[in-house]
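Encoded as structure tokens, the structure appears first; notes follow it.
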Amino acid sequence: MKRGRNIIAAGLLAMAAALPAVAGTLSWAAGGSPAKLDGFVYRETERSGGSLVGEESGTGFIPYAGAYLDHDPAIADRKYTFRIDLSLDESARERTVALMVGPGDYPRDIYLNGHLLMKNGDHGDKYNATVYYSGRVLLPPSLLKYGGEPNRIAVEAFPKFETSPLGDFAVGDWYDITRAVFTRNLFNIHLVQAAVVFAILISVFFMLLYFRSSVRDIRYLYCALVCLSFALGYLNMSLYHDAADDVLLDKLSRTGLVLTALFLSWFAMAFTGIANGKRRLKLAFAVPSIACIIAVALQPDKRSLQAFFSTVITNFLLTPLLLITLGILIAGFVRKRDVSGAAVLAGFLTAVAASLHDIYYLSIRVAPFCYFVAYGYLALIVSIFFVLALEQARVVAELGRQSARLDGRNRVLAEMVTDLTSVSEGLVDSSAALERTLRETLDSIADYGAENNAIGDAFRAQSASVEQEIDRIAGRLAISAERVPKALEAQTAAVESVRETLAVMKERIGDNLRSAEASSAIAGALAQDADGSALAIGQSRSAMAQVAEHSGSLQGVLASIEDIAERTHVLSINAAIESARLGSEGRGFGVVAQEIRKLSDQSRDSLKSSFEKIDDMTRAVGRGAELSESAARTLVSIAEQARLSARSTEDIRSLIDTQRTQGEAILSRAEELAREAQLLRELSADEKSGNEEREAQFRAIMASLSAISERLGAQDLRTKQLFSTLDAMKEAMRANGAHIARLRASIGKAQGLET
């Protein structure tokens, strides 16, 4: 096809060479609307050949219909010369006439009547073209011809490989041309630049939203990347100027378009949730995209770049990616049927429609007023932005409602924190007071325990001493109870013997008178009996003395027991006081104190009775001792008299009457002594019974003291248990202090969060 087209072009050139050059003529009336320059004629020549435009002959030109340029393969370094004639009436002298130059894909030099007006692009050492911008140039009145004379407008174009149309040219009033140029640049350049800036701002917005959000939504990141890729894709239109490196700008723009399609496919997956988790599929999209980007970067010039992009990238990468993205969006909308999906799908369809518009104009080889594809992608970006922004607005509104609820809760929490702070301070104060009280209680209990232990030790020692003393008293009483009756029996027997002897002596006193020898013998026997009686009476006196001594010792023991009972009573009072001070914890100790007080009262009553009986026994023993003393003196006197009677028989006769009288007196006193001895024996029996009762009382006292000692031991055990309980309370207080410290720390954190 290309070969056929070249043949046709060669034929046309040959025909043009044979025909005269006829330039189109255009008239413009002053005050009218700008007139588009239609009717150019052109020809293709070598760049180095030919003469100046104003002096060229009219041969070789053919009409130009505004389509893509035909190229003669025989011409390597080519140049196209376009020309048209413009006629102005005289009224145009009063006007400022200007020429509008539309965008072109190659450098162009513009002439008026053989004079160079402007250079559009560069075709010298550096090749550059004003592809997107429209410009205006003033037609100097000094160069213009009026009154219907033709003004030759010529354009020299210097393409390397481009075949795109020459571009639009129009002539008119300066202000009208200025408005037309502004309008054309507004839609072709300035709005695209604004879209690029807008896309960058949206990208920054979603980048910040993604990286500063606690829950990172990958859609925000993909949207930001789509916006950045869009801005990069139209960098050649945004940053173009005559001195710019348009090859580099085209490479960057083609890279941006590839990345835009790639990130759009990823965004569609994340937005619809279709195949979002399939990393291999995303990688399958990314690998050829990266390969194409590398290939774009390696292209040496603009021609190869455009060829590679239009044939390889457009057909084998962009079109499949866009179709896949469209399918994903349609599937997502069908599945969810929501407004957000419809909005994004509508934006994508708008971009597709804009692309089809531009493809149509490219297919008919006609340059449109402006290319819509940038606005189509902008509509897609705006739809995505509004969808995500509305979602974010709903999220922000919900966060606002939650924030309001949280503010209310925070106020409640602040009040709770204040209450907890006061409570924790109160707990700290009460814990400190309780700890001080506990320490004082522990000290008091420790002192009480020490005193209790000391009292218990002293009480146990005193109990042991009392027990030993009671054992000694019991032993002595047993001995006395055994010896005194025997002594009394011996004394009674002696008294009976004396009485019998005196009776016999009374009966035989007459016989004494008859026989001195018999009296002497009887006197000797009487002396011996008197000595024996004196010895018996002495032993009885010694026994009475021992009974009196033991009675004194028993009184001392009973005095000690009375002192112990008094101390026990005082101890019970102190114990009752401590029990009342301890409250419910000392209730058991109070029971013990009450029992000790009762036992002390009983002991004092028993001791009082014992003292009274011992006093009676002491008085009875004293009377017995006096009688024994009297009997001893009497027996001594009898013995002396018996001895006197033995020494002097003769005195007996003289003294028989006296002896009879004394014998009667002795008999009377012996009878009294017998009665006293019987009384002493009875008293001794009573004393033995009393001693047995006292021994039983002493044993009962010892049992009570043992019970008190055991209770003191139990009280000591309870004291230790109380110490254990108080230690547990101290540990609980320490734990409570730790909890209070953590509570205060939490309150501090909550207050910090609140501020």
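Labels used: A, B, ... for chains in the order of the structure tokens, numbers from 1 for residues in each chain, and numbers from 1 for ligands as shown.
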
List as a list of chain:residue names the protein and nucleic acid residues near Asp105 (chain A), meaning an atom at most 9 Å away when only C-alpha atoms are counted, but skip any in the same chain fewer than 3 places from it.
A:Asn128, A:Ala129, A:Thr130, A:Val131, A:Tyr132, A:Pro159, A:Glu162, A:Thr163, A:Ser164, A:Pro165, A:Leu166, A:Gly167

Just write the chosen residues, N, CA and C atoms, as a PDB file, in the first residue's frame.
ATOM      1  N   ASN A 128      13.704  20.616  16.454  1.00  0.00           N
ATOM      2  CA  ASN A 128      12.613  20.751  17.424  1.00  0.00           C
ATOM      3  C   ASN A 128      11.394  21.286  16.703  1.00  0.00           C
ATOM      4  N   ALA A 129      10.231  20.963  17.271  1.00  0.00           N
ATOM      5  CA  ALA A 129       8.996  21.404  16.635  1.00  0.00           C
ATOM      6  C   ALA A 129       7.987  21.785  17.701  1.00  0.00           C
ATOM      7  N   THR A 130       7.191  22.824  17.342  1.00  0.00           N
ATOM      8  CA  THR A 130       6.115  23.242  18.236  1.00  0.00           C
ATOM      9  C   THR A 130       4.892  22.393  17.920  1.00  0.00           C
ATOM     10  N   VAL A 131       4.801  21.245  18.610  1.00  0.00           N
ATOM     11  CA  VAL A 131       3.784  20.262  18.264  1.00  0.00           C
ATOM     12  C   VAL A 131       2.415  20.667  18.786  1.00  0.00           C
ATOM     13  N   TYR A 132       2.374  21.329  19.949  1.00  0.00           N
ATOM     14  CA  TYR A 132       1.098  21.506  20.637  1.00  0.00           C
ATOM     15  C   TYR A 132       0.654  22.963  20.703  1.00  0.00           C
ATOM     16  N   PRO A 159      10.204  18.685   7.776  1.00  0.00           N
ATOM     17  CA  PRO A 159      10.067  17.430   8.517  1.00  0.00           C
ATOM     18  C   PRO A 159      11.218  16.491   8.225  1.00  0.00           C
ATOM     19  N   GLU A 162       8.203  13.062   9.641  1.00  0.00           N
ATOM     20  CA  GLU A 162       6.804  13.294   9.939  1.00  0.00           C
ATOM     21  C   GLU A 162       6.003  13.501   8.660  1.00  0.00           C
ATOM     22  N   THR A 163       4.769  13.086   8.678  1.00  0.00           N
ATOM     23  CA  THR A 163       3.847  13.275   7.555  1.00  0.00           C
ATOM     24  C   THR A 163       2.543  13.902   8.007  1.00  0.00           C
ATOM     25  N   SER A 164       2.523  14.419   9.235  1.00  0.00           N
ATOM     26  CA  SER A 164       1.296  15.013   9.768  1.00  0.00           C
ATOM     27  C   SER A 164       0.949  16.275   8.999  1.00  0.00           C
ATOM     28  N   PRO A 165      -0.297  16.730   9.079  1.00  0.00           N
ATOM     29  CA  PRO A 165      -0.713  17.924   8.327  1.00  0.00           C
ATOM     30  C   PRO A 165       0.073  19.170   8.736  1.00  0.00           C
ATOM     31  N   LEU A 166      -0.015  20.168   7.852  1.00  0.00           N
ATOM     32  CA  LEU A 166       0.708  21.414   8.087  1.00  0.00           C
ATOM     33  C   LEU A 166       0.242  22.129   9.329  1.00  0.00           C
ATOM     34  N   GLY A 167      -1.033  22.073   9.618  1.00  0.00           N
ATOM     35  CA  GLY A 167      -1.591  22.802  10.736  1.00  0.00           C
ATOM     36  C   GLY A 167      -2.512  23.890  10.249  1.00  0.00           C
TER      37      GLY A 167
END

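For the residues A:Glu595, A:Glu435, A:Asp563, A:Asp615, ranking by smallest atom-to-atom distance to Gly737 (chain A) using only C-alpha atoms places A:Glu435 first.
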
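Using only C-alpha atoms, the shortest contact distance between Phe161 (chain A) and any of A:Ala268, A:Ile359, A:Leu413, A:Leu69 is found at A:Leu69.
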
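Closest to Phe182 (chain A) among A:Met100, A:Ala275, A:Ala74, A:Leu228 is A:Met100, based on only C-alpha atoms.
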
So how many Å separate CA of Pro141 (chain A) and CA of Tyr80 (chain A), to one decimal?
27.1 Å

Hey, which of A:Asp338, A:Leu743, A:Gly475, A:Leu209 ends up closest to Glu425 (chain A)? Count only C-alpha atoms.
A:Leu743

Å distance separating CA of Ser706 (chain A) from CA of Glu549 (chain A), one decimal place:
29.0 Å

Would you give me, as a ChimeraX atom specification, the residues in region 36-281 of chain A that DSSP reads as strand (DSSP E)?
/A:36,41-46,62-63,78-88,97-101,108-112,115-120,122-123,127-128,135-138,150-157,169-173

For those residues, write C-alpha atoms to a file as a PDB file, in the first residue's frame.
ATOM      1  CA  LYS A  36      -8.958  30.267   7.697  1.00  0.00           C
ATOM      2  CA  VAL A  41      -0.468  24.784  -2.812  1.00  0.00           C
ATOM      3  CA  TYR A  42       2.726  22.997  -1.962  1.00  0.00           C
ATOM      4  CA  ARG A  43       5.629  21.111  -3.336  1.00  0.00           C
ATOM      5  CA  GLU A  44       8.348  18.852  -2.003  1.00  0.00           C
ATOM      6  CA  THR A  45      11.984  19.664  -2.765  1.00  0.00           C
ATOM      7  CA  GLU A  46      15.465  19.071  -1.502  1.00  0.00           C
ATOM      8  CA  ILE A  62       0.078  21.109  -6.285  1.00  0.00           C
ATOM      9  CA  PRO A  63      -3.058  21.860  -4.258  1.00  0.00           C
ATOM     10  CA  ARG A  78      13.240  17.160   2.130  1.00  0.00           C
ATOM     11  CA  LYS A  79      11.461  20.431   2.504  1.00  0.00           C
ATOM     12  CA  TYR A  80       7.859  21.351   1.854  1.00  0.00           C
ATOM     13  CA  THR A  81       6.926  24.771   0.556  1.00  0.00           C
ATOM     14  CA  PHE A  82       3.350  25.955   1.038  1.00  0.00           C
ATOM     15  CA  ARG A  83       1.948  29.202  -0.297  1.00  0.00           C
ATOM     16  CA  ILE A  84      -1.305  31.105  -0.595  1.00  0.00           C
ATOM     17  CA  ASP A  85      -2.279  34.598  -1.709  1.00  0.00           C
ATOM     18  CA  LEU A  86      -4.201  36.961   0.546  1.00  0.00           C
ATOM     19  CA  SER A  87      -5.987  40.071  -0.693  1.00  0.00           C
ATOM     20  CA  LEU A  88      -6.924  42.970   1.585  1.00  0.00           C
ATOM     21  CA  VAL A  97      -3.828  42.322  10.912  1.00  0.00           C
ATOM     22  CA  ALA A  98      -2.406  39.159  12.454  1.00  0.00           C
ATOM     23  CA  LEU A  99      -1.771  35.594  11.351  1.00  0.00           C
ATOM     24  CA  MET A 100      -2.639  32.597  13.541  1.00  0.00           C
ATOM     25  CA  VAL A 101      -0.258  29.623  13.290  1.00  0.00           C
ATOM     26  CA  ARG A 108       8.225  25.876  10.032  1.00  0.00           C
ATOM     27  CA  ASP A 109       9.407  29.231   8.662  1.00  0.00           C
ATOM     28  CA  ILE A 110       6.678  31.739   7.746  1.00  0.00           C
ATOM     29  CA  TYR A 111       7.110  34.450   5.113  1.00  0.00           C
ATOM     30  CA  LEU A 112       5.052  37.428   3.998  1.00  0.00           C
ATOM     31  CA  HIS A 115      10.062  38.507   4.093  1.00  0.00           C
ATOM     32  CA  LEU A 116      10.576  36.120   7.044  1.00  0.00           C
ATOM     33  CA  LEU A 117       7.992  36.761   9.744  1.00  0.00           C
ATOM     34  CA  MET A 118       8.697  34.013  12.274  1.00  0.00           C
ATOM     35  CA  LYS A 119      10.397  30.681  12.896  1.00  0.00           C
ATOM     36  CA  ASN A 120       8.249  28.041  14.469  1.00  0.00           C
ATOM     37  CA  ASP A 122      14.199  24.693  15.053  1.00  0.00           C
ATOM     38  CA  HIS A 123      15.608  22.891  12.032  1.00  0.00           C
ATOM     39  CA  TYR A 127      15.755  19.696  15.594  1.00  0.00           C
ATOM     40  CA  ASN A 128      12.613  20.751  17.424  1.00  0.00           C
ATOM     41  CA  GLY A 135       0.939  31.121  17.941  1.00  0.00           C
ATOM     42  CA  ARG A 136       0.183  34.467  16.359  1.00  0.00           C
ATOM     43  CA  VAL A 137       2.312  36.833  14.331  1.00  0.00           C
ATOM     44  CA  LEU A 138       1.674  40.446  13.430  1.00  0.00           C
ATOM     45  CA  PRO A 150      -2.236  39.744  -3.563  1.00  0.00           C
ATOM     46  CA  ASN A 151      -0.048  39.218  -0.499  1.00  0.00           C
ATOM     47  CA  ARG A 152       1.972  36.000  -0.783  1.00  0.00           C
ATOM     48  CA  ILE A 153       2.026  34.015   2.468  1.00  0.00           C
ATOM     49  CA  ALA A 154       4.538  31.174   2.225  1.00  0.00           C
ATOM     50  CA  VAL A 155       5.412  28.442   4.729  1.00  0.00           C
ATOM     51  CA  GLU A 156       8.545  26.316   4.561  1.00  0.00           C
ATOM     52  CA  ALA A 157       8.206  23.026   6.503  1.00  0.00           C
ATOM     53  CA  PHE A 169      -3.557  29.035   9.593  1.00  0.00           C
ATOM     54  CA  ALA A 170      -5.963  31.962   9.812  1.00  0.00           C
ATOM     55  CA  VAL A 171      -5.787  35.679   9.238  1.00  0.00           C
ATOM     56  CA  GLY A 172      -7.849  38.342  10.943  1.00  0.00           C
ATOM     57  CA  ASP A 173      -7.926  41.201  13.350  1.00  0.00           C
TER      58      ASP A 173
END
